[in-house]
>>> print(open('query25.csv').read())   # CSV, C-alpha atoms (C1' of nucleotides)
chain,number,residue,atom,x,y,z
A,1,MET,CA,100.0,94.9,82.0
A,2,ASN,CA,100.7,94.3,78.3
A,3,GLU,CA,97.5,92.9,76.9
A,4,GLU,CA,99.5,91.1,74.3
A,5,LYS,CA,101.2,89.1,77.0
A,6,ARG,CA,98.2,88.1,79.0
A,7,TYR,CA,97.5,84.4,78.5
A,8,TYR,CA,95.3,81.8,80.0
A,9,TYR,CA,95.7,78.1,79.7
A,10,GLY,CA,93.9,74.8,80.1
A,11,THR,CA,95.1,71.2,80.5
A,12,LEU,CA,93.9,68.0,79.1
A,13,GLY,CA,94.7,64.7,80.8
A,14,SER,CA,95.2,62.0,78.3
A,15,LYS,CA,96.7,58.6,77.9
A,16,PHE,CA,99.8,60.3,76.7
A,17,GLY,CA,100.0,62.5,79.8
A,18,GLU,CA,99.0,66.1,80.5
A,19,ILE,CA,98.7,68.4,77.5
A,20,VAL,CA,98.7,72.2,78.0
A,21,PHE,CA,96.9,74.6,75.7
A,22,VAL,CA,97.7,78.3,76.0
A,23,TRP,CA,95.5,81.1,74.6
A,24,ARG,CA,96.1,84.8,74.3
A,25,PHE,CA,93.6,86.7,76.5
A,26,ALA,CA,93.2,89.6,74.1
A,27,ASP,CA,91.9,87.6,71.1
A,28,ASN,CA,91.5,84.1,72.3
A,29,LYS,CA,93.9,82.7,69.7
A,30,VAL,CA,95.9,79.6,70.6
A,31,VAL,CA,99.5,80.7,71.0
A,32,ARG,CA,101.1,77.4,72.0
A,33,ILE,CA,100.4,73.8,72.8
A,34,PHE,CA,102.7,71.8,75.1
A,35,LEU,CA,102.8,68.0,74.8
A,36,PRO,CA,103.3,65.9,77.9
A,37,MET,CA,107.0,65.6,77.4
A,38,GLN,CA,107.2,69.4,77.4
A,39,ARG,CA,105.8,70.0,80.9
A,40,ASP,CA,109.0,71.5,82.2
A,41,LEU,CA,109.2,73.8,79.2
A,42,PHE,CA,105.7,75.0,79.9
A,43,ARG,CA,106.6,75.6,83.6
A,44,SER,CA,109.5,77.8,82.7
A,45,SER,CA,107.7,79.6,79.9
A,46,GLU,CA,106.4,83.1,79.9
A,47,TYR,CA,102.9,81.7,79.4
A,48,ARG,CA,102.7,80.4,82.9
A,49,SER,CA,104.4,83.4,84.6
A,50,TRP,CA,102.2,85.9,82.9
A,51,GLY,CA,99.1,83.8,82.6
A,52,MET,CA,96.2,82.8,84.6
A,53,SER,CA,94.8,79.3,84.8
A,54,GLY,CA,91.4,78.2,83.9
A,55,ILE,CA,89.3,78.3,80.8
A,56,ASN,CA,86.6,80.8,80.4
A,57,ASN,CA,85.3,80.5,76.9
A,58,ARG,CA,83.3,78.2,74.8
A,59,ALA,CA,85.8,78.0,71.8
A,60,ALA,CA,88.6,77.0,74.1
A,61,LEU,CA,86.6,74.3,75.8
A,62,GLU,CA,85.5,73.1,72.3
A,63,LEU,CA,89.1,72.8,71.2
A,64,ILE,CA,90.0,70.7,74.2
A,65,ARG,CA,87.0,68.5,73.7
A,66,LYS,CA,88.1,68.0,70.1
A,67,MET,CA,91.7,67.3,71.0
A,68,GLU,CA,90.5,64.7,73.5
A,69,SER,CA,88.5,63.1,70.8
A,70,LEU,CA,91.4,63.1,68.4
A,71,LEU,CA,93.6,61.5,71.0
A,72,ASN,CA,91.0,58.8,71.3
A,73,GLY,CA,91.5,58.0,67.7
A,74,ASN,CA,88.6,59.9,66.2
A,75,PRO,CA,88.7,62.2,63.1
A,76,VAL,CA,88.3,65.8,64.0
A,77,GLU,CA,88.1,69.1,62.1
A,78,VAL,CA,89.8,72.1,63.4
A,79,SER,CA,89.9,75.5,61.7
A,80,LEU,CA,93.4,76.9,61.4
A,81,ASP,CA,92.1,80.3,62.1
A,82,ILE,CA,92.0,79.7,65.8
A,83,VAL,CA,95.7,79.8,66.2
A,84,ASP,CA,98.0,82.8,66.3
A,85,TRP,CA,100.1,83.1,63.1
A,86,THR,CA,101.5,86.5,63.9
A,87,ARG,CA,104.6,85.2,65.6
A,88,THR,CA,105.6,82.6,63.0
A,89,ALA,CA,108.0,83.5,60.2
A,90,ALA,CA,106.7,83.4,56.7
A,91,PHE,CA,108.4,80.2,55.7
A,92,GLN,CA,107.3,78.4,58.8
A,93,ARG,CA,103.8,79.6,58.4
A,94,LEU,CA,103.7,78.2,54.9
A,95,VAL,CA,105.1,74.9,55.9
A,96,LEU,CA,102.7,74.6,58.8
A,97,ARG,CA,99.7,75.4,56.7
A,98,THR,CA,100.8,72.9,54.1
A,99,GLU,CA,101.3,70.3,56.8
A,100,GLY,CA,97.9,71.0,58.0
A,101,LYS,CA,96.4,69.8,54.7
A,102,ILE,CA,97.7,66.3,55.1
A,103,PRO,CA,94.7,64.1,55.7
A,104,ARG,CA,94.3,61.9,58.7
A,105,GLY,CA,95.7,58.5,58.0
A,106,MET,CA,98.2,59.7,55.5
A,107,VAL,CA,101.8,60.7,55.8
A,108,SER,CA,104.2,62.9,53.8
A,109,THR,CA,107.9,63.4,53.9
A,110,TYR,CA,110.0,66.5,54.7
A,111,GLY,CA,111.2,66.5,51.1
A,112,ARG,CA,107.8,66.3,49.5
A,113,ILE,CA,106.6,69.2,51.7
A,114,ALA,CA,109.6,71.2,50.6
A,115,LEU,CA,108.5,70.6,47.0
A,116,LYS,CA,105.0,71.7,47.8
A,117,VAL,CA,106.2,75.0,49.1
A,118,ASN,CA,108.4,75.5,46.1
A,119,ARG,CA,111.6,75.0,47.9
A,120,PRO,CA,112.8,71.7,46.4
A,121,HIS,CA,116.0,71.5,48.4
A,122,ALA,CA,114.8,72.8,51.7
A,123,ALA,CA,113.8,69.5,53.2
A,124,ARG,CA,116.0,70.2,56.2
A,125,ALA,CA,114.5,73.6,56.7
A,126,VAL,CA,111.1,72.1,56.6
A,127,GLY,CA,112.2,69.8,59.4
A,128,ARG,CA,113.3,72.8,61.4
A,129,ALA,CA,109.9,74.5,60.8
A,130,LEU,CA,108.0,71.4,61.9
A,131,ALA,CA,110.4,70.8,64.9
A,132,THR,CA,109.4,74.2,66.2
A,133,ASN,CA,105.7,73.8,65.5
A,134,PRO,CA,103.9,75.7,68.2
A,135,PHE,CA,100.6,73.9,67.6
A,136,PRO,CA,101.2,70.2,67.6
A,137,LEU,CA,98.1,68.0,67.2
A,138,ILE,CA,96.3,71.0,65.5
A,139,ILE,CA,99.1,71.1,62.9
A,140,PRO,CA,99.7,67.4,62.5
A,141,CYS,CA,103.5,67.5,62.3
A,142,HIS,CA,103.5,63.8,63.3
A,143,ARG,CA,102.5,63.1,59.8
A,144,ALA,CA,105.9,64.0,58.4
A,145,VAL,CA,108.4,61.2,58.1
A,146,ARG,CA,111.8,60.8,56.5
A,147,SER,CA,112.2,59.9,52.9
A,148,ASP,CA,113.2,56.3,53.9
A,149,ARG,CA,109.9,56.1,55.7
A,150,SER,CA,111.5,56.1,59.2
A,151,LEU,CA,110.3,58.4,61.9
A,152,ALA,CA,112.3,61.6,62.7
A,153,GLY,CA,111.9,63.4,66.0
A,154,TYR,CA,108.8,64.7,67.7
A,155,ALA,CA,108.3,67.3,70.4
A,156,GLY,CA,106.3,64.8,72.3
A,157,GLY,CA,108.7,62.0,71.7
A,158,VAL,CA,109.0,59.6,68.8
A,159,LYS,CA,107.0,57.1,70.8
A,160,MET,CA,104.0,59.4,70.9
A,161,LYS,CA,104.5,60.1,67.2
A,162,LYS,CA,104.2,56.5,66.4
A,163,ARG,CA,101.2,56.0,68.6
A,164,LEU,CA,99.5,59.0,67.0
A,165,LEU,CA,100.0,57.5,63.6
A,166,GLU,CA,98.8,54.1,64.7
A,167,LEU,CA,95.6,55.8,65.9
A,168,GLU,CA,95.1,57.0,62.4
A,169,GLY,CA,95.6,53.5,61.0
A,170,ILE,CA,99.2,53.8,59.9
A,171,GLU,CA,101.1,50.6,60.1
A,172,PHE,CA,104.8,50.0,60.8
A,173,ASP,CA,107.3,47.4,59.8
A,174,GLN,CA,109.8,45.7,62.2
A,175,LYS,CA,112.2,48.6,61.8
A,176,ASP,CA,109.5,51.2,62.7
A,177,ARG,CA,109.2,52.5,59.2
A,178,VAL,CA,105.7,53.3,57.9
A,179,VAL,CA,104.5,50.7,55.4
A,180,THR,CA,102.6,53.3,53.4
A,181,THR,CA,103.8,53.5,49.8
A,182,ARG,CA,101.6,56.5,48.9
A,183,PHE,CA,102.7,59.7,50.4
A,184,TRP,CA,100.6,62.8,50.4
B,1,DC,C1',126.8,90.2,58.8
B,2,DT,C1',128.7,85.5,60.1
B,3,DT,C1',128.3,81.2,62.4
B,4,DA,C1',126.3,77.2,64.2
B,5,DC,C1',122.8,74.4,64.3
B,6,DA,C1',118.9,70.6,62.9
B,7,DA,C1',112.7,66.3,63.2
B,8,DG,C1',116.5,66.0,55.6
B,9,DA,C1',118.2,63.6,51.4
B,10,DA,C1',121.1,61.7,48.1
B,11,DT,C1',125.2,59.2,47.4
B,12,DA,C1',129.1,56.4,48.3
B,13,DT,C1',131.4,52.9,50.9
C,1,DA,C1',124.1,50.1,57.8
C,2,DT,C1',127.0,54.0,58.4
C,3,DA,C1',129.6,58.0,56.6
C,4,DT,C1',130.1,61.9,53.6
C,5,DT,C1',128.4,65.8,51.4
C,6,DC,C1',125.1,69.1,49.9
C,7,DT,C1',121.3,71.9,51.5
C,8,DT,C1',118.5,75.8,53.8
C,9,DG,C1',115.8,78.8,57.2
C,10,DT,C1',116.6,80.5,62.0
C,11,DA,C1',118.6,82.0,66.4
C,12,DA,C1',122.5,83.7,68.4
C,13,DG,C1',126.8,86.2,68.3
>>> encode(input="query25.csv", output="structure tokens")
Amino acid sequence: MNEEKRYYYGTLGSKFGEIVFVWRFADNKVVRIFLPMQRDLFRSSEYRSWGMSGINNRAALELIRKMESLLNGNPVEVSLDIVDWTRTAAFQRLVLRTEGKIPRGMVSTYGRIALKVNRPHAARAVGRALATNPFPLIIPCHRAVRSDRSLAGYAGGVKMKKRLLELEGIEFDQKDRVVTTRFW
DNA sequence: CTTACAAGAATAT
DNA sequence: ATATTCTTGTAAG
């Protein structure tokens, strides 16, 4: 069997539903995180068919523990070195790493992130990059909102996006736009 | 290589 | 508030 394609996964039951974390067996890098709404996607993914269930290492357990804490509203620190960057395109990698710098409790916009990666008119491309973020929660793509402060989509559903932001202390107006005036 | 998208943004109506 | 137009990185053909 191709070592590159051997995976193992673990699940975390949360108030949002079951979240699945997938690691590569060979180097214990996180290759993908599936949010509750993506259950079916996980079921039909290569990760399940080639994988084995169960967690067998400390770092993986540690991550799940941290994610559980994060979902309970606590600040957590996670190194970006634990995820697999080899399968992300250069542009997406840059966007995701930039997104990863947004502090908890703060939001940015797709356009501002585009500026930060020196692609001033690529707001939409940034949206694409975040929409296909393989590592939600670790890479906090929920902290990106539209320029009018309304919420765009989220792999786990806009509802989850809003709840995640509320956990961080972000407030919303009656039209579900973030009240923040200071963007990262 | 060309085409068709999409979690954007600015502008006009 | 909605429609139009410009924009750009990918996946698919």
>>> residues_around(input="query25.csv", residues="DA10 (chain B)", least_positions_apart="5", cutoff="12 Å", atoms="all atoms listed in the file", output="PyMOL selection string")
(chain A and resi 111+121+123+147-148) or (chain C and resi 4-7)
>>> interface_residues(input="query25.csv", of="chain B", to="chain A", cutoff="8 Å", atoms="all atoms listed in the file", output="list of chain:residue names")
B:DA6, B:DA7, B:DG8, B:DA9
>>> atom_distance(input="query25.csv", atom1="CA of Ile170 (chain A)", atom2="CA of Ile139 (chain A)")
17.6 Å
>>> atom_distance(input="query25.csv", atom1="CA of Leu167 (chain A)", atom2="CA of Ala60 (chain A)")
23.8 Å
>>> closest_atom_pairs(input="query25.csv", of="chain C", to="chain A", cutoff="9 Å", atoms="all atoms listed in the file", output="tab-separated table")
residue	atom	partner	partner_atom	distance
C:DT7	C1'	A:His121	CA	6.2
C:DT8	C1'	A:Ala122	CA	5.2
C:DG9	C1'	A:Ala125	CA	5.4
C:DT10	C1'	A:Arg128	CA	8.4
>>> atom_distance(input="query25.csv", atom1="CA of Asp84 (chain A)", atom2="CA of Arg24 (chain A)")
8.5 Å
>>> residues_around(input="query25.csv", residues="Gly105 (chain A)", least_positions_apart="3", cutoff="8 Å", atoms="all atoms listed in the file", output="list in words")
Leu165, Glu168, Gly169 and Ile170 of chain A
